[in-house]
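query-v7.pdb follows (PDB, C-alpha atoms):
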ATOM      1  CA  GLN A  30       0.314 317.549 133.773  1.00  0.00           C
ATOM      2  CA  ASN A  31       3.033 319.684 135.258  1.00  0.00           C
ATOM      3  CA  PHE A  32       2.484 322.476 137.768  1.00  0.00           C
ATOM      4  CA  VAL A  33       3.478 325.937 136.558  1.00  0.00           C
ATOM      5  CA  PRO A  34       2.769 328.967 138.780  1.00  0.00           C
ATOM      6  CA  ALA A  35       0.332 331.466 137.274  1.00  0.00           C
ATOM      7  CA  GLY A  36       1.773 334.496 135.535  1.00  0.00           C
ATOM      8  CA  GLU A  37       0.645 337.955 136.586  1.00  0.00           C
ATOM      9  CA  ARG A  38      -0.494 340.951 134.569  1.00  0.00           C
ATOM     10  CA  THR A  39      -0.960 344.541 135.654  1.00  0.00           C
ATOM     11  CA  MET A  40      -4.149 346.264 134.524  1.00  0.00           C
ATOM     12  CA  ARG A  41      -6.207 349.345 135.236  1.00  0.00           C
ATOM     13  CA  ILE A  42      -9.667 348.712 136.709  1.00  0.00           C
ATOM     14  CA  ASP A  43     -11.905 351.700 137.458  1.00  0.00           C
ATOM     15  CA  GLY A  44      -8.858 353.978 137.375  1.00  0.00           C
ATOM     16  CA  THR A  45      -6.827 351.872 139.833  1.00  0.00           C
ATOM     17  CA  VAL A  46      -3.749 349.900 138.762  1.00  0.00           C
ATOM     18  CA  THR A  47      -3.962 346.347 140.106  1.00  0.00           C
ATOM     19  CA  THR A  48      -2.446 342.904 139.500  1.00  0.00           C
ATOM     20  CA  ARG A  49      -4.331 339.788 138.406  1.00  0.00           C
ATOM     21  CA  LYS A  50      -3.126 336.236 137.814  1.00  0.00           C
ATOM     22  CA  VAL A  51      -3.371 334.793 134.307  1.00  0.00           C
ATOM     23  CA  ASP A  52      -3.851 331.136 133.421  1.00  0.00           C
ATOM     24  CA  ILE A  53      -3.562 330.119 129.744  1.00  0.00           C
ATOM     25  CA  ARG A  54      -4.528 326.605 128.690  1.00  0.00           C
ATOM     26  CA  LEU A  55      -4.181 324.814 125.385  1.00  0.00           C
ATOM     27  CA  TYR A  56      -6.533 321.907 124.820  1.00  0.00           C
ATOM     28  CA  THR A  57      -5.222 319.301 122.386  1.00  0.00           C
ATOM     29  CA  TYR A  58      -6.240 315.997 120.872  1.00  0.00           C
ATOM     30  CA  ALA A  59      -4.067 313.666 118.788  1.00  0.00           C
ATOM     31  CA  GLY A  60      -1.278 316.255 118.765  1.00  0.00           C
ATOM     32  CA  LYS A  61      -3.437 319.066 117.377  1.00  0.00           C
ATOM     33  CA  ARG A  62      -4.595 322.167 119.194  1.00  0.00           C
ATOM     34  CA  LEU A  63      -8.366 322.347 119.588  1.00  0.00           C
ATOM     35  CA  LEU A  64      -8.836 325.388 121.792  1.00  0.00           C
ATOM     36  CA  ALA A  65      -6.899 328.097 123.622  1.00  0.00           C
ATOM     37  CA  ALA A  66      -8.485 329.582 126.749  1.00  0.00           C
ATOM     38  CA  ALA A  67      -7.345 332.194 129.273  1.00  0.00           C
ATOM     39  CA  ARG A  68      -8.569 333.084 132.754  1.00  0.00           C
ATOM     40  CA  VAL A  69      -7.838 336.266 134.696  1.00  0.00           C
ATOM     41  CA  TYR A  70      -8.301 335.999 138.457  1.00  0.00           C
ATOM     42  CA  GLN A  71      -7.287 337.049 141.952  1.00  0.00           C
ATOM     43  CA  GLY A  72      -6.675 334.550 144.764  1.00  0.00           C
ATOM     44  CA  GLN A  73      -6.734 330.798 144.211  1.00  0.00           C
ATOM     45  CA  THR A  74      -9.660 330.382 141.821  1.00  0.00           C
ATOM     46  CA  THR A  75     -11.672 332.281 139.229  1.00  0.00           C
ATOM     47  CA  ASN A  76     -15.017 333.197 140.743  1.00  0.00           C
ATOM     48  CA  PHE A  77     -16.193 335.539 137.944  1.00  0.00           C
ATOM     49  CA  ARG A  78     -17.123 338.162 140.551  1.00  0.00           C
ATOM     50  CA  THR A  79     -13.691 339.762 140.879  1.00  0.00           C
ATOM     51  CA  PRO A  80     -13.607 343.054 138.937  1.00  0.00           C
ATOM     52  CA  GLY A  81     -11.453 342.494 135.849  1.00  0.00           C
ATOM     53  CA  GLY A  82     -11.594 338.713 136.310  1.00  0.00           C
ATOM     54  CA  GLY A  83     -13.106 335.926 134.231  1.00  0.00           C
ATOM     55  CA  PHE A  84     -12.342 334.566 130.784  1.00  0.00           C
ATOM     56  CA  ALA A  85     -10.110 336.550 128.424  1.00  0.00           C
ATOM     57  CA  PRO A  86      -9.492 336.279 124.676  1.00  0.00           C
ATOM     58  CA  VAL A  87      -6.366 334.538 123.388  1.00  0.00           C
ATOM     59  CA  PHE A  88      -4.875 335.962 120.192  1.00  0.00           C
ATOM     60  CA  GLN A  89      -2.360 333.981 118.162  1.00  0.00           C
ATOM     61  CA  VAL A  90       0.476 336.193 116.906  1.00  0.00           C
TER      62      VAL A  90
END

Give the structure from this file in structure tokens form.
Amino acid sequence: QNFVPAGERTMRIDGTVTTRKVDIRLYTYAGKRLLAAARVYQGQTTNFRTPGGGFAPVFQV
């Protein structure tokens, strides 16, 4: 694995504009993608208590 700093997204939570980090992961096996997952968080880890944080959908375009 290689380290890549988390990207950031700006969002509105309860009427306040704030920034959250975004972590997108692709899980693969035998060269094929099995699952895409995204986390939105503040600080170093996702604790699922941060408003606007937690898992997020990943849409393939």

So, with all atoms listed in the file as the atoms that count, which of A:Arg49, A:Thr39, A:Ala59, A:Asn31 lies closest to Pro80 of chain A?
A:Arg49

Which of A:Thr79, A:Val90, A:Gln71, A:Tyr56 sits closest to Arg38 of chain A [using all atoms listed in the file]:
A:Gln71

Between A:Ala67, A:Gly72, A:Asp52, A:Thr45, which residue has the minimum interatomic distance to Phe88 of chain A, considering only C-alpha atoms?
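That would be A:Ala67, the residue with the smallest distance to Phe88 of chain A.
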
Check what the PyMOL selection byres ((chain A and resi 74) around 12) selects in the file above and give those residues as a PyMOL selection string.
chain A and resi 35+49-52+68-73+75-79+82-83

Can you write just those residues out, C-alpha atoms, as a CSV table (one decimal), keeping the file's coordinate frame?
chain,number,residue,atom,x,y,z
A,35,ALA,CA,0.3,331.5,137.3
A,49,ARG,CA,-4.3,339.8,138.4
A,50,LYS,CA,-3.1,336.2,137.8
A,51,VAL,CA,-3.4,334.8,134.3
A,52,ASP,CA,-3.9,331.1,133.4
A,68,ARG,CA,-8.6,333.1,132.8
A,69,VAL,CA,-7.8,336.3,134.7
A,70,TYR,CA,-8.3,336.0,138.5
A,71,GLN,CA,-7.3,337.0,142.0
A,72,GLY,CA,-6.7,334.6,144.8
A,73,GLN,CA,-6.7,330.8,144.2
A,75,THR,CA,-11.7,332.3,139.2
A,76,ASN,CA,-15.0,333.2,140.7
A,77,PHE,CA,-16.2,335.5,137.9
A,78,ARG,CA,-17.1,338.2,140.6
A,79,THR,CA,-13.7,339.8,140.9
A,82,GLY,CA,-11.6,338.7,136.3
A,83,GLY,CA,-13.1,335.9,134.2

When distances are computed from only C-alpha atoms, which of A:Gly81, A:Gln30, A:Ala65, A:Glu37 shows the smallest separation from Ile53 of chain A?
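Once distances to Ile53 of chain A are computed over only C-alpha atoms, the minimum belongs to A:Ala65.
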
Taking every listed atom of segment 46-59 of chain A and adding 3 Å to each side, what centre and edge lengths in Å (one decimal) does the axis-aligned box have, as JSON?
{"center_x": -4.5, "center_y": 331.8, "center_z": 129.4, "size_x": 10.1, "size_y": 42.2, "size_z": 27.3}

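Atom CA of Val87 of chain A to atom CA of Leu55 of chain A spans 10.2 Å [interatomic distance, one decimal].
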
Missing atoms of segment 30-63 of chain A rebuilt to N, CA and C atoms, written as a short mmCIF file (atom, residue, chain, number, x, y, z; two decimals), in the coordinates of the input:
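Generated file (result.cif):
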data_model
loop_
_atom_site.label_atom_id
_atom_site.label_comp_id
_atom_site.auth_asym_id
_atom_site.auth_seq_id
_atom_site.Cartn_x
_atom_site.Cartn_y
_atom_site.Cartn_z
N GLN A 30 0.26 316.11 133.69
CA GLN A 30 0.31 317.55 133.77
C GLN A 30 1.43 317.97 134.70
N ASN A 31 2.01 319.10 134.40
CA ASN A 31 3.03 319.68 135.26
C ASN A 31 2.50 320.97 135.87
N PHE A 32 2.90 321.25 137.10
CA PHE A 32 2.48 322.48 137.77
C PHE A 32 3.38 323.62 137.33
N VAL A 33 2.77 324.71 136.90
CA VAL A 33 3.48 325.94 136.56
C VAL A 33 2.75 327.07 137.27
N PRO A 34 3.44 327.87 138.09
CA PRO A 34 2.77 328.97 138.78
C PRO A 34 2.15 329.94 137.78
N ALA A 35 1.03 330.52 138.15
CA ALA A 35 0.33 331.47 137.27
C ALA A 35 1.16 332.72 137.06
N GLY A 36 1.14 333.22 135.83
CA GLY A 36 1.77 334.50 135.54
C GLY A 36 0.89 335.62 136.05
N GLU A 37 1.43 336.81 136.12
CA GLU A 37 0.64 337.96 136.59
C GLU A 37 0.69 339.07 135.56
N ARG A 38 -0.40 339.80 135.46
CA ARG A 38 -0.49 340.95 134.57
C ARG A 38 -1.00 342.14 135.37
N THR A 39 -0.51 343.31 135.02
CA THR A 39 -0.96 344.54 135.65
C THR A 39 -1.98 345.18 134.74
N MET A 40 -3.09 345.64 135.31
CA MET A 40 -4.15 346.26 134.52
C MET A 40 -4.78 347.39 135.32
N ARG A 41 -5.50 348.23 134.60
CA ARG A 41 -6.21 349.34 135.24
C ARG A 41 -7.69 349.00 135.30
N ILE A 42 -8.25 349.01 136.51
CA ILE A 42 -9.67 348.71 136.71
C ILE A 42 -10.28 349.88 137.47
N ASP A 43 -11.25 350.53 136.85
CA ASP A 43 -11.90 351.70 137.46
C ASP A 43 -10.89 352.75 137.91
N GLY A 44 -9.85 352.96 137.09
CA GLY A 44 -8.86 353.98 137.38
C GLY A 44 -7.77 353.57 138.35
N THR A 45 -7.82 352.35 138.87
CA THR A 45 -6.83 351.87 139.83
C THR A 45 -5.97 350.79 139.19
N VAL A 46 -4.66 350.92 139.30
CA VAL A 46 -3.75 349.90 138.76
C VAL A 46 -3.69 348.74 139.75
N THR A 47 -3.93 347.54 139.26
CA THR A 47 -3.96 346.35 140.11
C THR A 47 -3.34 345.16 139.37
N THR A 48 -3.05 344.11 140.08
CA THR A 48 -2.45 342.90 139.50
C THR A 48 -3.44 341.75 139.55
N ARG A 49 -3.50 340.99 138.47
CA ARG A 49 -4.33 339.79 138.41
C ARG A 49 -3.48 338.64 137.89
N LYS A 50 -3.80 337.44 138.31
CA LYS A 50 -3.13 336.24 137.81
C LYS A 50 -3.74 335.85 136.47
N VAL A 51 -2.92 335.22 135.63
CA VAL A 51 -3.37 334.79 134.31
C VAL A 51 -3.03 333.32 134.13
N ASP A 52 -3.99 332.57 133.65
CA ASP A 52 -3.85 331.14 133.42
C ASP A 52 -4.23 330.88 131.96
N ILE A 53 -3.30 330.41 131.16
CA ILE A 53 -3.56 330.12 129.74
C ILE A 53 -3.46 328.62 129.54
N ARG A 54 -4.49 328.06 128.92
CA ARG A 54 -4.53 326.60 128.69
C ARG A 54 -4.73 326.32 127.21
N LEU A 55 -4.02 325.29 126.75
CA LEU A 55 -4.18 324.81 125.38
C LEU A 55 -4.75 323.41 125.46
N TYR A 56 -5.89 323.22 124.85
CA TYR A 56 -6.53 321.91 124.82
C TYR A 56 -6.17 321.24 123.50
N THR A 57 -5.67 320.00 123.58
CA THR A 57 -5.22 319.30 122.39
C THR A 57 -5.84 317.91 122.30
N TYR A 58 -5.81 317.38 121.09
CA TYR A 58 -6.24 316.00 120.87
C TYR A 58 -5.45 315.47 119.68
N ALA A 59 -4.85 314.31 119.84
CA ALA A 59 -4.07 313.67 118.79
C ALA A 59 -2.98 314.60 118.26
N GLY A 60 -2.38 315.38 119.15
CA GLY A 60 -1.28 316.26 118.76
C GLY A 60 -1.68 317.55 118.09
N LYS A 61 -2.97 317.83 118.02
CA LYS A 61 -3.44 319.07 117.38
C LYS A 61 -4.16 319.94 118.39
N ARG A 62 -3.95 321.23 118.29
CA ARG A 62 -4.60 322.17 119.19
C ARG A 62 -6.07 322.33 118.82
N LEU A 63 -6.94 322.17 119.80
CA LEU A 63 -8.37 322.35 119.59
C LEU A 63 -8.84 323.72 120.04
#
